[in-house]
Amino acid sequence: MQSSFSVNSIALVNGRPRLLTLKECVKYFVEHRHDVTIRRTKYDLKKAQERAHILKGLIIACDNIDEVVRIIRASETPSDAQRNLEKRFELDELQSKAIVDMRLSQLTGLRIDQLHAEFEELERQIAYFEQILSDPELCKKVMKDDLQEVKEKYGDERRTEIKPFEHEFNAEDFYPNDPVVITVSHMGYIKRTPLSEFREQSRGGVGSKGARTREQDFTEYIYPATMHQTMLFFTRKGRCYWLKCYEIPEGDKNFKGRAIQNMLNIDPDDSVNALLRLRGLNDEEFVKSHYVVFATKNGTVKKTSLEAYSRPRTNGVNAINIVEGDEVVDVRLTNGKNEIILANRNGRAVRFDEDSIRTMGRVSTGVRGMKLDEGDDEVVGMIVVNNAETETVMVVSENGYGKRSQVEDYRKTNRGGKGVKTFSITEKTGRLVAIKNVTDDNDLMIINKSGIAIRLAVSECRVMGRATQGVRLINLSKKNDVIASVCKVMSSEKEADVEGDKDDETSQPLNPPTA
């Protein structure tokens, strides 16, 4: 069922042989069934009209039986009787012949009632046939009913049963739980690439060429994961979809990927904007004790239990109610006791307790998380603080500058405030594009819109004050080039440890699920 094979589908189309695609086969079969339905209906209509015409003459004869008998008895031959009847009752030859040939038994009251009932039924049939010929939708319904009747009459049950053997086959057994990087381009192409292909470089380097994309396309989102994890895809409009990491097409850094629209039932005018990686969707205790927190462009936040997103559906589900003009910016997994930090384009960040966001239903809208400035200001990202002592806040600007600051430098305020300064915005640095919580054990992956990617050690970036402009992280060699996406991954040393111990079931993923 998972293998492909070629079919040489040659068929006669308008009397000439043609090699057809599957779509063309269906098209011409439907046209053939339509032609058969129309021709059959016209034939049935003609027969019904002919019979109704005869019955009309017989009914006239029954209603005037005494006079009909007198005319027939006064005629010398059957032909004379027909002509006399035609002249008296304005009948045609078919009707007069049917009257002359009529048996005396048809003159009983019961047979006369049957003639009237048959005539009324024929009138209903004629109206139905005429409606089929004039109404295309009714004609399609007749075609469907015909095919359903054929199925019920000649169809039989499948003899071969296809059953998954959970204890004998597990797709995860065929894939090592290696660290990978999931990339999604601006035009919606997705792929997974082994993390080892991105070698570490020094801060301020120019990076290496990333994915080969179409013209005007670029890698917009990058996410670290492992092969056995489940990816939850969240779209700008607030829909949620599921996909296993090993189901995502694999390719090297130069592979452009596969259109995500061909893998998920996403609306044409929607696109993936945030991802979550999870391992324990079947763990009831895990899904009930964790939450999914959303952040939108206009500063709205919403918290919902992970259990609401633990049952994958092919067509996805509504994950959050998005108002007009807003869209999902970031989605994070929390344990219910974390701290949230939101950052905007103008270099401010607000820190507040997760407890200030009440738990809501899956299709709710949320509450205000951050107050934005006037103009084109918007939220660029959200981080969940797990350990304020070991984690630092990394911010990156669109021109390739970035810095680390202590979490405690951001004083805790109420949800919905304007926050404090987190980055000094200048013409040289550009506006803020990303905020991440990192440790010295992380590497930072940065991709710009021209497709250049760089992986650098977070430990190379010294911790600075909250209001400074930072240092150059990547050298943008092209004019008007800007940062497209930023993500954190495990350091190359940690990755080597995982590669050397793949069979160890206690090996940690790239980042804890609550990161």
# chains A, B, ... in the order shown; residues from 1 in each chain; ligands from 1
>>> residues_around(residues="region 126-129 of chain A", least_positions_apart="6", cutoff="10 Å", atoms="only C-alpha atoms", output="list in words")
Ile38, Arg40, Thr41, Lys42, Tyr43, Asp44, Leu45, Lys46, Lys47, Ala48, Gln49, Ala52, Glu120, Leu138 and Cys139 of chain A
>>> residues_around(residues="region 59-67 of chain A", least_positions_apart="2", cutoff="9 Å", atoms="only C-alpha atoms", output="number ranges by chain")
A: 54-57, 69-72, 89, 99, 106-107, 112, 115-116, 119
>>> residues_around(residues="Thr334 (chain A)", least_positions_apart="3", cutoff="7 Å", atoms="only C-alpha atoms", output="ChimeraX atom specification")
/A:290-292,338,514
>>> write_last_selection(atoms="C-alpha atoms", output="PDB file, in the first residue's frame")
ATOM      1  CA  HIS A 290       1.342  20.666  30.731  1.00  0.00           C
ATOM      2  CA  TYR A 291      -0.081  23.614  28.843  1.00  0.00           C
ATOM      3  CA  VAL A 292       0.209  25.246  25.418  1.00  0.00           C
ATOM      4  CA  ASN A 338       6.739  29.032  34.435  1.00  0.00           C
ATOM      5  CA  THR A 514       9.047  22.509  28.357  1.00  0.00           C
TER       6      THR A 514
END
>>> residues_around(residues="Val293 (chain A)", least_positions_apart="6", cutoff="10 Å", atoms="only C-alpha atoms", output="list in words")
Val301, Lys302, Lys303, Thr304, Ser305, Leu306, Asp330, Val331, Arg332, Leu333, Thr334, Gly336, Ile340, Glu354, Ile357, Thr359, Gly366, Met382 and Val384 of chain A
>>> write_last_selection(atoms="N, CA and C atoms", output="PDB file, in the first residue's frame")
ATOM      1  N   VAL A 301      -2.165  36.751  24.562  1.00  0.00           N
ATOM      2  CA  VAL A 301      -1.642  35.460  25.010  1.00  0.00           C
ATOM      3  C   VAL A 301      -2.820  34.576  25.418  1.00  0.00           C
ATOM      4  N   LYS A 302      -2.640  33.264  25.276  1.00  0.00           N
ATOM      5  CA  LYS A 302      -3.684  32.315  25.671  1.00  0.00           C
ATOM      6  C   LYS A 302      -3.035  31.037  26.165  1.00  0.00           C
ATOM      7  N   LYS A 303      -3.606  30.446  27.220  1.00  0.00           N
ATOM      8  CA  LYS A 303      -3.081  29.199  27.778  1.00  0.00           C
ATOM      9  C   LYS A 303      -4.181  28.142  27.750  1.00  0.00           C
ATOM     10  N   THR A 304      -3.862  26.959  27.190  1.00  0.00           N
ATOM     11  CA  THR A 304      -4.807  25.852  27.095  1.00  0.00           C
ATOM     12  C   THR A 304      -4.091  24.562  27.480  1.00  0.00           C
ATOM     13  N   SER A 305      -4.796  23.651  28.109  1.00  0.00           N
ATOM     14  CA  SER A 305      -4.211  22.371  28.501  1.00  0.00           C
ATOM     15  C   SER A 305      -3.738  21.602  27.270  1.00  0.00           C
ATOM     16  N   LEU A 306      -2.577  20.963  27.363  1.00  0.00           N
ATOM     17  CA  LEU A 306      -2.040  20.172  26.258  1.00  0.00           C
ATOM     18  C   LEU A 306      -2.991  19.038  25.868  1.00  0.00           C
ATOM     19  N   ASP A 330       4.022  32.893  18.129  1.00  0.00           N
ATOM     20  CA  ASP A 330       4.838  31.891  18.814  1.00  0.00           C
ATOM     21  C   ASP A 330       3.937  31.008  19.676  1.00  0.00           C
ATOM     22  N   VAL A 331       4.368  29.760  19.873  1.00  0.00           N
ATOM     23  CA  VAL A 331       3.649  28.794  20.709  1.00  0.00           C
ATOM     24  C   VAL A 331       4.683  28.076  21.564  1.00  0.00           C
ATOM     25  N   ARG A 332       4.411  27.962  22.871  1.00  0.00           N
ATOM     26  CA  ARG A 332       5.354  27.313  23.786  1.00  0.00           C
ATOM     27  C   ARG A 332       4.628  26.324  24.684  1.00  0.00           C
ATOM     28  N   LEU A 333       5.390  25.328  25.158  1.00  0.00           N
ATOM     29  CA  LEU A 333       4.871  24.344  26.106  1.00  0.00           C
ATOM     30  C   LEU A 333       5.334  24.727  27.508  1.00  0.00           C
ATOM     31  N   THR A 334       4.422  24.684  28.475  1.00  0.00           N
ATOM     32  CA  THR A 334       4.756  25.074  29.843  1.00  0.00           C
ATOM     33  C   THR A 334       4.265  24.008  30.822  1.00  0.00           C
ATOM     34  N   GLY A 336       2.830  25.027  33.754  1.00  0.00           N
ATOM     35  CA  GLY A 336       1.835  25.704  34.579  1.00  0.00           C
ATOM     36  C   GLY A 336       2.423  26.623  35.628  1.00  0.00           C
ATOM     37  N   ILE A 340       6.765  33.947  31.757  1.00  0.00           N
ATOM     38  CA  ILE A 340       6.662  34.272  30.335  1.00  0.00           C
ATOM     39  C   ILE A 340       7.359  35.597  30.072  1.00  0.00           C
ATOM     40  N   GLU A 354       3.219  32.938  34.631  1.00  0.00           N
ATOM     41  CA  GLU A 354       2.238  32.211  33.841  1.00  0.00           C
ATOM     42  C   GLU A 354       0.897  32.105  34.567  1.00  0.00           C
ATOM     43  N   ILE A 357      -2.246  34.068  33.610  1.00  0.00           N
ATOM     44  CA  ILE A 357      -3.066  33.700  32.455  1.00  0.00           C
ATOM     45  C   ILE A 357      -3.944  32.521  32.865  1.00  0.00           C
ATOM     46  N   THR A 359      -6.437  29.347  32.501  1.00  0.00           N
ATOM     47  CA  THR A 359      -6.577  28.288  31.501  1.00  0.00           C
ATOM     48  C   THR A 359      -7.901  28.443  30.758  1.00  0.00           C
ATOM     49  N   GLY A 366      -8.143  34.520  24.149  1.00  0.00           N
ATOM     50  CA  GLY A 366      -7.014  34.864  24.998  1.00  0.00           C
ATOM     51  C   GLY A 366      -7.181  36.215  25.647  1.00  0.00           C
ATOM     52  N   MET A 382       8.307  34.871  22.023  1.00  0.00           N
ATOM     53  CA  MET A 382       7.985  34.605  23.426  1.00  0.00           C
ATOM     54  C   MET A 382       8.922  33.520  23.933  1.00  0.00           C
ATOM     55  N   VAL A 384       9.744  30.952  27.494  1.00  0.00           N
ATOM     56  CA  VAL A 384       9.256  30.409  28.765  1.00  0.00           C
ATOM     57  C   VAL A 384      10.474  30.147  29.640  1.00  0.00           C
TER      58      VAL A 384
END
>>> select_by_dssp(residues="region 333-498 of chain A", states="strand (DSSP E)", output="PyMOL selection string")
chain A and resi 333-334+339-344+348-353+367-368+379-385+392-397+401-406+420-421+432-438+442-448+452-457+471-472+483-490
>>> atom_distance(atom1="CA of Thr37 (chain A)", atom2="CA of Ser134 (chain A)")
12.6 Å
>>> residues_around(residues="Cys461 (chain A)", least_positions_apart="5", cutoff="12 Å", atoms="only C-alpha atoms", output="count of residues only")
24
>>> closest_residue(among="A:Asn14, A:Asn315, A:Ser289, A:Asn437", to="Glu31 (chain A)", atoms="only C-alpha atoms")
A:Asn14
>>> atom_distance(atom1="CA of Lys144 (chain A)", atom2="CA of Leu22 (chain A)")
19.4 Å
>>> select_by_dssp(residues="region 259-489 of chain A", states="alpha helix (DSSP H)", output="PDB file with N, CA and C atoms, in the first residue's frame")
ATOM      1  N   GLU A 284      -0.789  10.120  29.516  1.00  0.00           N
ATOM      2  CA  GLU A 284      -1.926  10.863  30.054  1.00  0.00           C
ATOM      3  C   GLU A 284      -1.509  11.841  31.143  1.00  0.00           C
ATOM      4  N   GLU A 285      -0.592  11.418  31.997  1.00  0.00           N
ATOM      5  CA  GLU A 285      -0.139  12.293  33.079  1.00  0.00           C
ATOM      6  C   GLU A 285       0.585  13.520  32.535  1.00  0.00           C
ATOM      7  N   PHE A 286       1.368  13.317  31.470  1.00  0.00           N
ATOM      8  CA  PHE A 286       2.132  14.414  30.874  1.00  0.00           C
ATOM      9  C   PHE A 286       1.206  15.452  30.240  1.00  0.00           C
ATOM     10  N   VAL A 287       0.249  14.990  29.425  1.00  0.00           N
ATOM     11  CA  VAL A 287      -0.607  15.934  28.700  1.00  0.00           C
ATOM     12  C   VAL A 287      -1.544  16.688  29.638  1.00  0.00           C
ATOM     13  N   LYS A 288      -1.883  16.086  30.778  1.00  0.00           N
ATOM     14  CA  LYS A 288      -2.771  16.765  31.723  1.00  0.00           C
ATOM     15  C   LYS A 288      -2.036  17.754  32.622  1.00  0.00           C
ATOM     16  N   SER A 289      -0.711  17.623  32.711  1.00  0.00           N
ATOM     17  CA  SER A 289       0.062  18.497  33.595  1.00  0.00           C
ATOM     18  C   SER A 289       0.800  19.599  32.839  1.00  0.00           C
TER      19      SER A 289
END
>>> atom_distance(atom1="CA of Cys487 (chain A)", atom2="CA of Thr413 (chain A)")
26.4 Å
